[in-house]
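Text of data-v6.txt (compact mmCIF, C-alpha atoms) as supplied:
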# COMPACT_ATOMS: atom_id res chain seq x y z
CA MET U 1 -18.28 -20.81 -52.77
CA ALA U 2 -16.01 -23.52 -54.16
CA TYR U 3 -12.88 -24.58 -52.33
CA ASP U 4 -9.92 -22.46 -53.46
CA ALA U 5 -6.50 -23.31 -52.02
CA SER U 6 -5.01 -20.12 -53.50
CA ASN U 7 -6.89 -18.07 -50.92
CA LEU U 8 -5.35 -19.81 -47.93
CA PRO U 9 -3.05 -17.82 -45.64
CA ASP U 10 0.68 -18.46 -45.38
CA VAL U 11 1.17 -20.56 -42.25
CA SER U 12 4.71 -21.73 -42.99
CA GLY U 13 6.14 -19.57 -40.19
CA LEU U 14 3.87 -20.93 -37.46
CA THR U 15 5.22 -23.23 -34.77
CA VAL U 16 3.00 -26.30 -34.36
CA GLY U 17 2.98 -28.08 -31.01
CA ILE U 18 1.61 -31.59 -30.65
CA ILE U 19 0.36 -32.49 -27.16
CA GLY U 20 0.47 -36.27 -27.19
CA GLY U 21 3.16 -36.17 -29.86
CA THR U 22 4.64 -39.50 -28.81
CA GLY U 23 1.40 -41.38 -29.58
CA ASP U 24 0.58 -42.79 -33.02
CA GLN U 25 -1.69 -39.98 -34.23
CA GLY U 26 0.36 -37.15 -32.78
CA ARG U 27 3.64 -38.59 -33.98
CA GLY U 28 2.21 -39.09 -37.48
CA LEU U 29 0.97 -35.50 -37.71
CA ALA U 30 4.30 -34.23 -36.39
CA TYR U 31 6.11 -36.20 -39.10
CA ARG U 32 3.92 -34.81 -41.87
CA PHE U 33 4.28 -31.22 -40.69
CA ALA U 34 8.05 -31.70 -40.34
CA ARG U 35 8.18 -33.06 -43.90
CA ALA U 36 6.47 -29.86 -45.02
CA GLY U 37 9.14 -27.77 -43.29
CA GLN U 38 6.93 -26.63 -40.43
CA THR U 39 8.59 -25.97 -37.05
CA VAL U 40 7.28 -28.76 -34.83
CA LEU U 41 7.38 -29.20 -31.06
CA ILE U 42 6.59 -32.63 -29.58
CA GLY U 43 4.88 -32.50 -26.20
CA SER U 44 4.68 -35.27 -23.62
CA ARG U 45 4.34 -35.66 -19.87
CA SER U 46 7.95 -36.84 -20.09
CA ALA U 47 10.22 -34.20 -21.64
CA GLU U 48 12.88 -36.87 -22.16
CA ARG U 49 10.49 -39.09 -24.09
CA ALA U 50 9.35 -36.09 -26.16
CA ALA U 51 12.93 -35.18 -27.03
CA GLN U 52 13.68 -38.75 -28.10
CA SER U 53 10.56 -38.86 -30.29
CA ALA U 54 11.49 -35.53 -31.90
CA GLU U 55 14.98 -36.80 -32.69
CA GLU U 56 13.54 -39.92 -34.32
CA ILE U 57 11.05 -37.90 -36.40
CA ALA U 58 13.73 -35.49 -37.61
CA ALA U 59 15.72 -38.46 -38.93
CA LEU U 60 12.84 -39.99 -40.93
CA PRO U 61 12.85 -40.02 -44.75
CA GLY U 62 11.43 -36.89 -46.35
CA VAL U 63 12.15 -34.54 -43.45
CA PRO U 64 14.38 -31.79 -44.87
CA ALA U 65 17.86 -31.30 -43.48
CA GLY U 66 17.79 -28.55 -40.90
CA ALA U 67 14.12 -29.08 -40.07
CA VAL U 68 13.27 -27.81 -36.60
CA VAL U 69 11.75 -30.68 -34.63
CA SER U 70 12.21 -30.64 -30.87
CA GLY U 71 10.56 -32.09 -27.79
CA ALA U 72 9.65 -30.80 -24.35
CA GLY U 73 7.11 -31.17 -21.57
CA ASN U 74 3.50 -30.37 -22.40
CA GLU U 75 3.47 -27.00 -20.62
CA GLU U 76 6.59 -25.74 -22.37
CA VAL U 77 5.28 -26.84 -25.75
CA ALA U 78 1.97 -25.09 -25.09
CA ARG U 79 3.79 -21.85 -24.28
CA ARG U 80 6.16 -21.94 -27.25
CA SER U 81 3.67 -22.92 -29.97
CA ASP U 82 1.37 -20.80 -32.13
CA VAL U 83 -0.95 -23.70 -32.93
CA VAL U 84 -1.34 -26.64 -30.54
CA VAL U 85 -2.79 -29.99 -31.61
CA ILE U 86 -4.36 -32.11 -28.86
CA ALA U 87 -3.75 -35.77 -29.72
CA VAL U 88 -3.96 -37.53 -26.36
CA PRO U 89 -6.00 -40.63 -25.45
CA TRP U 90 -9.60 -39.81 -24.59
CA ASP U 91 -9.37 -41.08 -21.04
CA GLY U 92 -6.67 -38.50 -20.28
CA HIS U 93 -8.20 -35.68 -22.31
CA ALA U 94 -9.88 -33.60 -19.62
CA ALA U 95 -6.99 -33.75 -17.16
CA THR U 96 -4.34 -32.95 -19.79
CA VAL U 97 -6.24 -30.10 -21.43
CA GLY U 98 -7.43 -28.58 -18.17
CA ALA U 99 -3.90 -28.45 -16.78
CA LEU U 100 -2.77 -26.39 -19.80
CA ALA U 101 -5.44 -23.67 -19.67
CA GLU U 102 -3.01 -20.92 -18.67
CA PRO U 103 -0.20 -21.60 -21.21
CA LEU U 104 -2.79 -22.18 -23.97
CA ALA U 105 -4.51 -18.83 -23.41
CA GLY U 106 -4.66 -16.93 -26.70
CA LYS U 107 -3.43 -19.94 -28.69
CA ILE U 108 -5.11 -21.80 -31.54
CA VAL U 109 -5.99 -25.25 -30.20
CA VAL U 110 -6.84 -28.06 -32.62
CA ASP U 111 -8.50 -31.05 -30.95
CA CYS U 112 -8.36 -34.33 -32.90
CA VAL U 113 -9.42 -36.65 -30.08
CA ASN U 114 -12.22 -39.15 -30.71
CA PRO U 115 -14.15 -40.38 -27.64
CA LEU U 116 -14.58 -44.05 -28.52
CA GLY U 117 -15.21 -47.20 -26.57
CA PHE U 118 -14.46 -50.74 -27.67
CA ASP U 119 -16.20 -54.02 -26.90
CA LYS U 120 -16.66 -57.41 -28.55
CA GLN U 121 -18.81 -55.80 -31.25
CA GLY U 122 -16.13 -53.24 -32.12
CA PRO U 123 -15.76 -49.48 -31.66
CA TYR U 124 -18.61 -47.16 -30.69
CA ALA U 125 -19.00 -43.47 -29.84
CA LEU U 126 -19.03 -42.53 -26.18
CA THR U 127 -21.40 -40.00 -24.65
CA VAL U 128 -19.57 -36.85 -23.60
CA GLU U 129 -21.22 -34.54 -21.07
CA GLU U 130 -20.19 -31.41 -22.96
CA GLY U 131 -21.30 -32.93 -26.28
CA SER U 132 -17.93 -33.82 -27.81
CA ALA U 133 -14.22 -33.87 -27.04
CA VAL U 134 -13.68 -30.48 -28.65
CA GLN U 135 -16.58 -28.95 -26.70
CA GLN U 136 -14.99 -30.30 -23.54
CA ALA U 137 -11.72 -28.67 -24.60
CA ALA U 138 -13.49 -25.37 -25.30
CA ALA U 139 -15.09 -25.43 -21.85
CA LEU U 140 -11.69 -26.09 -20.23
CA LEU U 141 -9.93 -23.46 -22.37
CA PRO U 142 -12.14 -20.35 -22.26
CA ASP U 143 -9.28 -18.09 -23.37
CA SER U 144 -8.13 -20.23 -26.30
CA ARG U 145 -9.30 -20.38 -29.93
CA VAL U 146 -10.56 -23.95 -30.25
CA CYS U 147 -11.50 -26.11 -33.21
CA ALA U 148 -11.83 -29.78 -34.11
CA ALA U 149 -9.78 -31.13 -37.04
CA PHE U 150 -7.69 -34.11 -38.18
CA ASN U 151 -10.10 -36.55 -36.50
CA HIS U 152 -10.19 -38.93 -39.45
CA VAL U 153 -6.55 -39.13 -40.55
CA SER U 154 -5.12 -42.63 -40.55
CA ALA U 155 -2.10 -42.89 -38.25
CA PRO U 156 -0.48 -45.66 -40.35
CA LEU U 157 -0.71 -43.49 -43.48
CA LEU U 158 0.75 -40.50 -41.65
CA ALA U 159 3.66 -42.59 -40.41
CA ASP U 160 4.48 -44.32 -43.71
CA PRO U 161 7.43 -42.55 -45.40
CA GLU U 162 6.52 -44.16 -48.74
CA VAL U 163 3.10 -42.44 -48.80
CA GLU U 164 3.64 -39.12 -50.60
CA ARG U 165 0.03 -37.95 -50.70
CA ILE U 166 -2.87 -38.53 -48.31
CA GLU U 167 -6.03 -37.95 -50.29
CA LEU U 168 -8.70 -36.84 -47.83
CA ASP U 169 -10.60 -33.87 -46.46
CA VAL U 170 -10.06 -32.61 -42.93
CA LEU U 171 -13.42 -31.61 -41.44
CA ILE U 172 -13.07 -28.48 -39.30
CA CYS U 173 -15.62 -27.50 -36.64
CA THR U 174 -15.22 -24.16 -34.90
CA GLU U 175 -16.98 -21.01 -33.77
CA GLU U 176 -14.36 -18.85 -35.56
CA ARG U 177 -14.43 -18.75 -39.34
CA GLU U 178 -10.87 -17.38 -39.43
CA LEU U 179 -9.62 -20.63 -37.90
CA VAL U 180 -11.00 -22.57 -40.85
CA ASP U 181 -8.53 -20.84 -43.17
CA ILE U 182 -5.57 -21.15 -40.78
CA VAL U 183 -6.14 -24.81 -39.94
CA GLY U 184 -7.13 -25.53 -43.54
CA ALA U 185 -3.81 -24.05 -44.65
CA LEU U 186 -1.99 -26.32 -42.20
CA ALA U 187 -3.89 -29.31 -43.57
CA ALA U 188 -2.92 -28.28 -47.10
CA ARG U 189 0.76 -28.45 -46.09
CA ILE U 190 0.23 -32.22 -46.26
CA PRO U 191 -0.06 -33.13 -49.98
CA GLY U 192 -3.54 -34.35 -50.90
CA MET U 193 -5.36 -32.86 -47.91
CA ARG U 194 -7.98 -30.13 -47.85
CA GLY U 195 -9.48 -28.40 -44.83
CA ILE U 196 -13.27 -28.11 -45.08
CA TYR U 197 -15.56 -26.15 -42.76
CA ALA U 198 -18.04 -28.63 -41.22
CA GLY U 199 -20.03 -26.41 -38.87
CA ARG U 200 -19.84 -25.08 -35.35
CA LEU U 201 -18.50 -26.95 -32.35
CA ARG U 202 -21.94 -28.38 -31.63
CA ASN U 203 -21.60 -30.39 -34.86
CA ALA U 204 -18.32 -31.99 -33.83
CA HIS U 205 -19.95 -34.98 -32.10
CA GLN U 206 -20.88 -36.51 -35.46
CA VAL U 207 -17.38 -35.91 -36.82
CA GLU U 208 -15.73 -37.58 -33.83
CA ALA U 209 -18.23 -40.45 -33.78
CA LEU U 210 -17.76 -41.16 -37.49
CA THR U 211 -14.31 -42.50 -36.65
CA ALA U 212 -16.01 -45.65 -35.33
CA ASN U 213 -17.51 -46.18 -38.78
CA LEU U 214 -14.15 -45.66 -40.46
CA ILE U 215 -12.52 -48.22 -38.17
CA ALA U 216 -15.23 -50.71 -39.19
CA ILE U 217 -14.60 -49.90 -42.87
CA ASN U 218 -10.88 -50.35 -42.44
CA LYS U 219 -11.33 -53.69 -40.72
CA ARG U 220 -13.75 -55.00 -43.35
CA TYR U 221 -11.81 -53.83 -46.41
CA LYS U 222 -8.27 -53.86 -44.97
CA ALA U 223 -7.91 -50.19 -45.87
CA HIS U 224 -6.96 -46.83 -44.37
CA ALA U 225 -10.19 -45.02 -45.18
CA GLY U 226 -10.64 -41.27 -45.04
CA ILE U 227 -13.34 -38.75 -45.92
CA ARG U 228 -13.64 -36.80 -49.18
CA VAL U 229 -16.43 -34.23 -49.66
CA THR U 230 -17.87 -34.00 -53.17
CA ASP U 231 -18.96 -30.93 -55.19
CA LEU U 232 -16.34 -28.62 -53.67
Output the structure of this file as structure tokens.
Amino acid sequence: MAYDASNLPDVSGLTVGIIGGTGDQGRGLAYRFARAGQTVLIGSRSAERAAQSAEEIAALPGVPAGAVVSGAGNEEVARRSDVVVIAVPWDGHAATVGALAEPLAGKIVVDCVNPLGFDKQGPYALTVEEGSAVQQAAALLPDSRVCAAFNHVSAPLLADPEVERIELDVLICTEERELVDIVGALAARIPGMRGIYAGRLRNAHQVEALTANLIAINKRYKAHAGIRVTDL
């Protein structure tokens, strides 16, 4: 079945929370969703820092007047959001996610964390006991609806107000097919993006690890490379 954006559900009324919303990736995603008119909550361990980041994002070019962008502590954001994006550094992933199991119960959780290490030869994929970052999240969040997505989106492109369209596909790994449409619809709120089903959670390791290759591509070609799937 070919990709058909006309079949995607209306997600414009959903509140999107970003745990790690003060970091580069989280802040960039928050900005793009805010530009699309989505209600966005920025989460941080510091509620004050989250509120400051939200205020800065709301004032950026392209964000419509009256856009709802606010900040709070991670737990409050988890409780108030319909969809929660996990965009924290890998070394704090387990502790942050595990602490939010109760407020994230019943919520859609989108994990975009890439477990990477860096040495003199560059980036490389780390071994994760559960198999991948998103599988670790799923183990820590048994009552949440978990998927991997937005792993390959360039933070500099997300943050650049002059970039109108970001031409790439968001690979979505999940056990729930319904989440593909919901998260795919959120991806489509960012002009140029498509959400593409890429298999179950057990296939997420390759998706996360591929980020190391993209970093190498970016370094070699001075680019902000993404992924586009052909024949869809």
_I want to know what sits within 12 Å of stretch 215-230 of chain U, based on only C-alpha atoms, with residues of the same chain fewer than 3 positions away left out; could you give that as number ranges by chain?_
U: 2-3, 114, 116-118, 121-125, 150-158, 160, 163, 166-171, 192-198, 207-212
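Between atom CA of U:Val83 and atom CA of U:Val109 lies a distance of 5.9 Å.
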*Between atom CA of U:Ala65 and atom CA of U:Arg79, what is the distance, to one decimal in Å?*
25.6 Å
*Please indicate the distance in Å from atom CA of U:Asn203 to atom CA of U:Ser12, rounded to one decimal place.*
28.9 Å
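Nearest to U:Leu29 of all the residues U:Ile86, U:Ile182, U:Asn74, U:Gln52 is U:Ile86, based on only C-alpha atoms.
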*So which one's closest to U:Thr39, U:Val69, U:Ala51, U:Ala185, U:Leu60? Using all atoms listed in the file, please.*
U:Val69
*Nearest residue to U:Thr15 from the set U:Ala95, U:Ala50, U:Leu214, U:Ile108 (distances using all atoms listed in the file)*: U:Ile108
_Give me, as number ranges by chain, all polymer residues having an atom no more than 12 Å from U:Gly23, counting all atoms listed in the file and skipping those fewer than 3 positions away in the same chain._
U: 18-20, 26-31, 42-45, 49-50, 53-54, 86-89, 113, 155-156, 159
Kindly compute an axis-aligned box around the listed atoms of stretch 194-207 of chain U, allowing 5 Å on each side, and express its centre and edge lengths in Å to one decimal as AutoDock Vina command-line options.
--center_x -15.0 --center_y -30.8 --center_z -39.7 --size_x 24.0 --size_y 21.4 --size_z 26.2
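Counting only C-alpha atoms, the residue from U:Leu140, U:Val63, U:Leu126, U:Ala72 that sits nearest to U:Leu104 is U:Leu140.
With all atoms listed in the file as the atoms that count, the residue of U:Ser70, U:Ser46, U:Thr174, U:Gln38 with the shortest distance to U:Ser144 is U:Thr174.
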*Residue neighbourhood U:Arg202, 8 Å, all atoms listed in the file, exclusion window fewer than 5 positions, as a list in words*: Gly131, Ser132 and Gln135 of chain U
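With distances restricted to all atoms listed in the file, U:Asp111 is the closest residue to U:His93 from U:Glu75, U:Asp111, U:Glu56, U:Glu164.
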Provide stretch 114-125 of chain U rebuilt to all heavy atoms, formatted as a short mmCIF file (atom, residue, chain, number, x, y, z; two decimals), in the frame of the given file.
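Written output follows (result.cif):
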data_model
loop_
_atom_site.label_atom_id
_atom_site.label_comp_id
_atom_site.auth_asym_id
_atom_site.auth_seq_id
_atom_site.Cartn_x
_atom_site.Cartn_y
_atom_site.Cartn_z
N ASN U 114 -10.94 -38.49 -30.46
CA ASN U 114 -12.22 -39.15 -30.71
C ASN U 114 -12.63 -39.98 -29.50
O ASN U 114 -11.95 -40.96 -29.18
CB ASN U 114 -12.13 -40.06 -31.94
CG ASN U 114 -11.74 -39.30 -33.19
OD1 ASN U 114 -12.36 -38.30 -33.54
ND2 ASN U 114 -10.71 -39.77 -33.87
N PRO U 115 -13.71 -39.61 -28.81
CA PRO U 115 -14.15 -40.38 -27.64
C PRO U 115 -14.83 -41.69 -28.07
O PRO U 115 -16.01 -41.71 -28.40
CB PRO U 115 -15.15 -39.45 -26.94
CG PRO U 115 -14.96 -38.10 -27.58
CD PRO U 115 -14.50 -38.39 -28.97
N LEU U 116 -14.07 -42.75 -28.08
CA LEU U 116 -14.58 -44.05 -28.52
C LEU U 116 -14.41 -45.09 -27.43
O LEU U 116 -13.46 -45.05 -26.65
CB LEU U 116 -13.83 -44.53 -29.77
CG LEU U 116 -13.90 -43.66 -31.03
CD1 LEU U 116 -13.08 -44.30 -32.14
CD2 LEU U 116 -15.34 -43.44 -31.47
N GLY U 117 -15.34 -46.02 -27.41
CA GLY U 117 -15.21 -47.20 -26.57
C GLY U 117 -15.09 -48.42 -27.46
O GLY U 117 -15.39 -48.36 -28.66
N PHE U 118 -14.64 -49.51 -26.90
CA PHE U 118 -14.46 -50.74 -27.67
C PHE U 118 -14.99 -51.92 -26.86
O PHE U 118 -14.73 -52.02 -25.66
CB PHE U 118 -12.97 -50.97 -28.00
CG PHE U 118 -12.38 -49.92 -28.89
CD1 PHE U 118 -11.89 -48.74 -28.36
CD2 PHE U 118 -12.33 -50.11 -30.27
CE1 PHE U 118 -11.35 -47.75 -29.18
CE2 PHE U 118 -11.79 -49.13 -31.10
CZ PHE U 118 -11.29 -47.95 -30.55
N ASP U 119 -15.75 -52.78 -27.53
CA ASP U 119 -16.20 -54.02 -26.90
C ASP U 119 -16.13 -55.14 -27.93
O ASP U 119 -15.51 -54.96 -28.99
CB ASP U 119 -17.61 -53.87 -26.30
CG ASP U 119 -18.67 -53.51 -27.34
OD1 ASP U 119 -18.41 -53.71 -28.55
OD2 ASP U 119 -19.75 -53.04 -26.95
N LYS U 120 -16.76 -56.27 -27.65
CA LYS U 120 -16.66 -57.41 -28.55
C LYS U 120 -17.28 -57.12 -29.92
O LYS U 120 -16.95 -57.78 -30.91
CB LYS U 120 -17.33 -58.63 -27.92
CG LYS U 120 -16.51 -59.25 -26.78
CD LYS U 120 -17.12 -60.53 -26.26
CE LYS U 120 -18.40 -60.27 -25.49
NZ LYS U 120 -18.91 -61.51 -24.83
N GLN U 121 -18.18 -56.14 -29.98
CA GLN U 121 -18.81 -55.80 -31.25
C GLN U 121 -18.02 -54.73 -32.02
O GLN U 121 -18.40 -54.37 -33.14
CB GLN U 121 -20.23 -55.30 -31.00
CG GLN U 121 -21.13 -56.38 -30.43
CD GLN U 121 -22.55 -55.89 -30.24
OE1 GLN U 121 -22.96 -54.90 -30.84
NE2 GLN U 121 -23.30 -56.59 -29.40
N GLY U 122 -16.95 -54.22 -31.42
CA GLY U 122 -16.13 -53.24 -32.12
C GLY U 122 -16.20 -51.86 -31.48
O GLY U 122 -16.64 -51.71 -30.33
N PRO U 123 -15.79 -50.83 -32.21
CA PRO U 123 -15.76 -49.48 -31.66
C PRO U 123 -17.14 -48.82 -31.66
O PRO U 123 -17.99 -49.16 -32.49
CB PRO U 123 -14.82 -48.74 -32.62
CG PRO U 123 -15.00 -49.44 -33.92
CD PRO U 123 -15.23 -50.89 -33.58
N TYR U 124 -17.34 -47.91 -30.74
CA TYR U 124 -18.61 -47.16 -30.69
C TYR U 124 -18.33 -45.80 -30.05
O TYR U 124 -17.37 -45.63 -29.28
CB TYR U 124 -19.68 -47.91 -29.91
CG TYR U 124 -19.32 -48.21 -28.47
CD1 TYR U 124 -19.75 -47.37 -27.44
CD2 TYR U 124 -18.54 -49.31 -28.14
CE1 TYR U 124 -19.41 -47.62 -26.10
CE2 TYR U 124 -18.20 -49.57 -26.82
CZ TYR U 124 -18.63 -48.72 -25.81
OH TYR U 124 -18.29 -48.97 -24.51
N ALA U 125 -19.17 -44.83 -30.37
CA ALA U 125 -19.00 -43.47 -29.84
C ALA U 125 -19.47 -43.40 -28.40
O ALA U 125 -20.51 -43.95 -28.04
CB ALA U 125 -19.79 -42.48 -30.69
#
